[in-house]
Amino acid sequence: MTTTPRVDHALVDRLDDAVTGVHDVVNAEATDVDAAYAVQEALVARRLDRGARQVGWKLGFTSLAKMAQMGVSDVIVGRLTSDMHVPDGGAVHLPRLIHPRVEPEVAYRLARDVSPDDDLLAAVDAVAPALEIIDSRYRDFCFTLADVVADNTSAAGFAIGPWTALRDAGELGGLPVALSVDGEVAETGTTDAILGHPLEALPALAGMARRRGFRLRAGQVILAGAATAAVPLTAGTSVVGRVDGLGSVRIEVSGEAR
Ligand code: 0L1
Ligand code: MG
């Protein structure tokens, strides 16, 4: 028999205060990943209570480089909400974030609801270049695996470029990816940095969804994972993520850092 983990409401309060008050917190040094997913759900429920909608899912730690950078060894899943969405070419207001970083990703769109035994790939109708803004609520991005899961995998923002029908997209593996700031290339990689092939994100998410009871819904987006290292967001800059063959997506960073 499975037991539902008790929700650590004190940690939910601390992380939600960090988001709304725009300040960091000392990491929780949590070790129980099941309990951390329960905190994540309760933390995201606070955003939903404030009027946001859940609009997708994200995978984190999908590259060996990222796992090494962060000192962890597992793929993690977070929730994307409507208040995190930035339109392509839209502004990200720096004072609303703690110490944000941006990374280029591949996004998928779900054409229909997915039940646990469905083939997730068959439910995806489109693919797009994406930028994810991560903003750990923990001081200096210092956390355990359970800490970052509780903190909704550092999710803070995302922008999606033009959608291409999956059937027209061609091979998604090995596509060059570049992250540019004010026209200067800051990071490069390929889509294979995402679990060896970006479509591998789908069975990874499907497995997690089955195990953890996540409900994947029509219209939701899936951020497959980062194709390069993340770079800090700097005031007054324009950031472009480009995936060859899929196009590009841009955000403008406004306001001064706190
Ligand atoms: O999206 C990601 O891969 C990031 C997951 C959370 C870890 C971080 O804050 O870098
Ligand atoms: Mg990411």
# chains A, B, ... in the order shown; residues from 1 in each chain; ligands from 1
>>> closest_atom_pairs(of="chain A", to="ligand 1", cutoff="6 Å", atoms="only C-alpha atoms and all ligand atoms", output="Markdown table")
| residue | atom | partner | partner_atom_place_in_ligand_line | distance |
| --- | --- | --- | --- | --- |
| A:Gly60 | CA | ligand 1 | 3 (O) | 3.3 |
| A:Phe61 | CA | ligand 1 | 3 (O) | 4.4 |
| A:Ile134 | CA | ligand 1 | 9 (O) | 5.6 |
| A:Ser136 | CA | ligand 1 | 9 (O) | 5.0 |
| A:Thr153 | CA | ligand 1 | 6 (C) | 4.3 |
| A:Ser154 | CA | ligand 1 | 9 (O) | 4.6 |
| A:Gly225 | CA | ligand 1 | 3 (O) | 5.7 |
| A:Ala226 | CA | ligand 1 | 3 (O) | 5.8 |
>>> write_last_selection(atoms="C-alpha atoms", output="short mmCIF file (atom, residue, chain, number, x, y, z; two decimals), in the first residue's frame")
data_model
loop_
_atom_site.label_atom_id
_atom_site.label_comp_id
_atom_site.auth_asym_id
_atom_site.auth_seq_id
_atom_site.Cartn_x
_atom_site.Cartn_y
_atom_site.Cartn_z
CA GLY A 60 15.05 19.26 -15.23
CA PHE A 61 18.48 17.70 -14.93
CA ILE A 134 15.09 29.26 -13.70
CA SER A 136 16.00 28.86 -7.49
CA THR A 153 12.46 22.64 -9.96
CA SER A 154 13.38 26.35 -9.91
CA GLY A 225 15.20 20.12 -20.74
CA ALA A 226 18.13 22.40 -21.35
#
>>> residues_near_ligand(ligand="ligand 2", cutoff="12 Å", atoms="only C-alpha atoms and all ligand atoms", output="tab-separated table (two decimals) with N, CA, C and O atoms, in the first residue's frame")
chain	number	residue	atom	x	y	z
A	57	TRP	N	4.37	21.27	-18.04
A	57	TRP	CA	5.31	20.51	-17.22
A	57	TRP	C	6.71	20.78	-17.72
A	57	TRP	O	6.88	21.12	-18.90
A	58	LYS	N	7.69	20.61	-16.88
A	58	LYS	CA	9.07	20.76	-17.32
A	58	LYS	C	9.91	19.64	-16.74
A	58	LYS	O	9.66	19.17	-15.63
A	59	LEU	N	10.89	19.24	-17.51
A	59	LEU	CA	11.87	18.30	-17.00
A	59	LEU	C	13.14	19.07	-16.66
A	59	LEU	O	13.50	20.02	-17.36
A	60	GLY	N	13.78	18.66	-15.61
A	60	GLY	CA	15.05	19.26	-15.23
A	60	GLY	C	16.10	18.18	-15.05
A	60	GLY	O	15.77	16.99	-14.91
A	61	PHE	N	17.36	18.62	-15.08
A	61	PHE	CA	18.48	17.70	-14.93
A	61	PHE	C	18.44	16.62	-16.00
A	61	PHE	O	18.61	15.44	-15.70
A	62	THR	N	18.21	17.05	-17.23
A	62	THR	CA	18.14	16.10	-18.34
A	62	THR	C	19.48	15.93	-19.04
A	62	THR	O	19.58	15.17	-19.99
A	63	SER	N	20.48	16.66	-18.61
A	63	SER	CA	21.80	16.48	-19.23
A	63	SER	C	22.83	16.11	-18.18
A	63	SER	O	22.75	16.54	-17.02
A	66	LYS	N	24.43	19.15	-16.80
A	66	LYS	CA	23.61	19.85	-15.79
A	66	LYS	C	23.65	19.09	-14.46
A	66	LYS	O	23.76	19.69	-13.39
A	67	MET	N	23.57	17.78	-14.54
A	67	MET	CA	23.63	17.01	-13.30
A	67	MET	C	24.95	17.26	-12.59
A	67	MET	O	24.99	17.45	-11.38
A	75	VAL	N	16.63	12.83	-13.09
A	75	VAL	CA	15.71	13.74	-13.78
A	75	VAL	C	14.60	14.13	-12.81
A	75	VAL	O	14.17	13.33	-11.99
A	76	ILE	N	14.17	15.38	-12.90
A	76	ILE	CA	13.10	15.87	-12.03
A	76	ILE	C	12.02	16.52	-12.89
A	76	ILE	O	12.27	16.90	-14.04
A	77	VAL	N	10.81	16.65	-12.33
A	77	VAL	CA	9.69	17.23	-13.06
A	77	VAL	C	9.08	18.37	-12.24
A	77	VAL	O	8.91	18.25	-11.01
A	78	GLY	N	8.79	19.48	-12.94
A	78	GLY	CA	8.14	20.61	-12.29
A	78	GLY	C	6.90	21.02	-13.06
A	78	GLY	O	6.62	20.51	-14.17
A	79	ARG	N	6.15	21.94	-12.48
A	79	ARG	CA	4.89	22.40	-13.07
A	79	ARG	C	5.05	23.81	-13.62
A	79	ARG	O	5.61	24.68	-12.93
A	80	LEU	N	4.52	24.06	-14.83
A	80	LEU	CA	4.53	25.40	-15.43
A	80	LEU	C	3.15	26.02	-15.25
A	80	LEU	O	2.13	25.37	-15.51
A	100	PRO	N	17.81	35.15	-11.49
A	100	PRO	CA	17.39	34.29	-12.59
A	100	PRO	C	18.49	33.95	-13.59
A	100	PRO	O	19.41	34.73	-13.83
A	101	ARG	N	18.34	32.75	-14.16
A	101	ARG	CA	19.19	32.30	-15.25
A	101	ARG	C	18.28	31.84	-16.38
A	101	ARG	O	17.11	31.53	-16.15
A	102	VAL	N	18.83	31.79	-17.59
A	102	VAL	CA	18.00	31.39	-18.73
A	102	VAL	C	18.73	30.27	-19.48
A	102	VAL	O	19.95	30.25	-19.56
A	103	GLU	N	17.93	29.35	-20.03
A	103	GLU	CA	18.51	28.24	-20.78
A	103	GLU	C	17.62	27.89	-21.97
A	103	GLU	O	16.39	28.03	-21.90
A	104	PRO	N	18.24	27.49	-23.09
A	104	PRO	CA	17.45	27.15	-24.29
A	104	PRO	C	16.96	25.71	-24.21
A	104	PRO	O	17.69	24.82	-23.78
A	105	GLU	N	15.73	25.52	-24.64
A	105	GLU	CA	15.11	24.20	-24.53
A	105	GLU	C	14.33	23.86	-25.79
A	105	GLU	O	14.16	24.69	-26.68
A	106	VAL	N	13.79	22.67	-25.82
A	106	VAL	CA	12.82	22.24	-26.82
A	106	VAL	C	11.50	22.07	-26.09
A	106	VAL	O	11.47	21.51	-24.99
A	107	ALA	N	10.40	22.57	-26.70
A	107	ALA	CA	9.07	22.42	-26.09
A	107	ALA	C	8.19	21.55	-26.96
A	107	ALA	O	8.30	21.58	-28.20
A	130	ALA	N	12.37	26.97	-27.22
A	130	ALA	CA	11.86	27.60	-25.99
A	130	ALA	C	13.02	28.15	-25.17
A	130	ALA	O	14.18	27.75	-25.34
A	131	LEU	N	12.70	29.11	-24.32
A	131	LEU	CA	13.65	29.58	-23.30
A	131	LEU	C	13.01	29.30	-21.95
A	131	LEU	O	11.82	29.59	-21.75
A	132	GLU	N	13.79	28.74	-21.04
A	132	GLU	CA	13.29	28.60	-19.67
A	132	GLU	C	14.07	29.52	-18.74
A	132	GLU	O	15.30	29.59	-18.82
A	133	ILE	N	13.34	30.22	-17.89
A	133	ILE	CA	13.99	31.03	-16.84
A	133	ILE	C	13.90	30.22	-15.56
A	133	ILE	O	12.80	29.85	-15.12
A	134	ILE	N	15.05	29.94	-14.99
A	134	ILE	CA	15.09	29.26	-13.70
A	134	ILE	C	15.54	30.26	-12.66
A	134	ILE	O	16.38	31.13	-12.93
A	135	ASP	N	14.95	30.17	-11.48
A	135	ASP	CA	15.24	31.13	-10.41
A	135	ASP	C	15.08	30.40	-9.08
A	135	ASP	O	14.05	30.52	-8.42
A	136	SER	N	16.09	29.61	-8.75
A	136	SER	CA	16.00	28.86	-7.49
A	136	SER	C	15.69	29.82	-6.35
A	136	SER	O	16.27	30.91	-6.27
A	152	ASN	N	9.65	23.44	-6.92
A	152	ASN	CA	9.11	23.37	-8.29
A	152	ASN	C	10.21	23.44	-9.33
A	152	ASN	O	10.08	24.11	-10.35
A	153	THR	N	11.33	22.75	-9.02
A	153	THR	CA	12.46	22.64	-9.96
A	153	THR	C	12.93	23.99	-10.48
A	153	THR	O	13.32	24.12	-11.65
A	154	SER	N	12.89	24.99	-9.59
A	154	SER	CA	13.38	26.35	-9.91
A	154	SER	C	12.58	27.04	-11.00
A	154	SER	O	13.00	28.10	-11.51
A	155	ALA	N	11.44	26.50	-11.40
A	155	ALA	CA	10.66	27.09	-12.51
A	155	ALA	C	10.26	28.52	-12.16
A	155	ALA	O	9.74	28.78	-11.07
A	156	ALA	N	10.48	29.44	-13.11
A	156	ALA	CA	10.13	30.84	-12.86
A	156	ALA	C	9.56	31.51	-14.10
A	156	ALA	O	8.83	32.50	-13.98
A	157	GLY	N	9.88	31.01	-15.28
A	157	GLY	CA	9.37	31.64	-16.49
A	157	GLY	C	9.69	30.79	-17.71
A	157	GLY	O	10.59	29.95	-17.66
A	158	PHE	N	8.95	31.02	-18.77
A	158	PHE	CA	9.26	30.34	-20.02
A	158	PHE	C	8.66	31.11	-21.19
A	158	PHE	O	7.63	31.76	-21.04
A	159	ALA	N	9.34	31.02	-22.32
A	159	ALA	CA	8.85	31.62	-23.57
A	159	ALA	C	8.96	30.55	-24.65
A	159	ALA	O	9.92	29.76	-24.66
A	193	ALA	N	21.83	17.03	-26.10
A	193	ALA	CA	22.15	17.25	-24.68
A	193	ALA	C	20.94	16.89	-23.80
A	193	ALA	O	21.08	16.70	-22.60
A	194	ILE	N	19.77	16.82	-24.42
A	194	ILE	CA	18.55	16.47	-23.67
A	194	ILE	C	18.39	14.95	-23.69
A	194	ILE	O	17.90	14.37	-24.67
A	201	ALA	N	12.68	12.82	-23.69
A	201	ALA	CA	11.99	13.52	-22.59
A	201	ALA	C	10.57	12.98	-22.39
A	201	ALA	O	10.03	13.02	-21.28
A	222	ILE	N	5.27	21.02	-22.72
A	222	ILE	CA	6.29	20.25	-22.00
A	222	ILE	C	7.64	20.83	-22.35
A	222	ILE	O	8.00	20.88	-23.55
A	223	LEU	N	8.37	21.31	-21.38
A	223	LEU	CA	9.75	21.73	-21.62
A	223	LEU	C	10.64	20.51	-21.40
A	223	LEU	O	10.66	19.94	-20.30
A	224	ALA	N	11.35	20.12	-22.47
A	224	ALA	CA	12.05	18.83	-22.46
A	224	ALA	C	13.34	18.85	-21.66
A	224	ALA	O	13.81	17.80	-21.24
A	225	GLY	N	13.92	20.04	-21.45
A	225	GLY	CA	15.20	20.12	-20.74
A	225	GLY	C	16.14	21.04	-21.48
A	225	GLY	O	15.92	21.39	-22.64
A	226	ALA	N	17.21	21.41	-20.80
A	226	ALA	CA	18.13	22.40	-21.35
A	226	ALA	C	19.10	21.76	-22.34
A	226	ALA	O	19.57	20.64	-22.13
A	227	ALA	N	19.41	22.52	-23.40
A	227	ALA	CA	20.37	22.04	-24.40
A	227	ALA	C	21.76	22.64	-24.18
A	227	ALA	O	22.72	22.23	-24.83
A	228	THR	N	21.86	23.63	-23.31
A	228	THR	CA	23.17	24.21	-22.95
A	228	THR	C	23.13	24.56	-21.45
A	228	THR	O	22.07	24.46	-20.82
A	229	ALA	N	24.26	25.00	-20.93
A	229	ALA	CA	24.27	25.54	-19.57
A	229	ALA	C	23.40	26.80	-19.52
A	229	ALA	O	23.17	27.45	-20.55
A	230	ALA	N	22.93	27.13	-18.33
A	230	ALA	CA	22.13	28.35	-18.13
A	230	ALA	C	23.06	29.54	-17.94
A	230	ALA	O	24.16	29.41	-17.41
A	231	VAL	N	22.59	30.74	-18.39
A	231	VAL	CA	23.37	31.96	-18.16
A	231	VAL	C	22.52	32.95	-17.34
A	231	VAL	O	21.30	32.97	-17.48
>>> select_by_dssp(residues="region 84-237 of chain A", states="strand (DSSP E or B)", output="PyMOL selection string")
chain A and resi 85+91-93+101-110+114+124-134+138+155-160+164-165+176-181+184-190+216+221-226+231-232
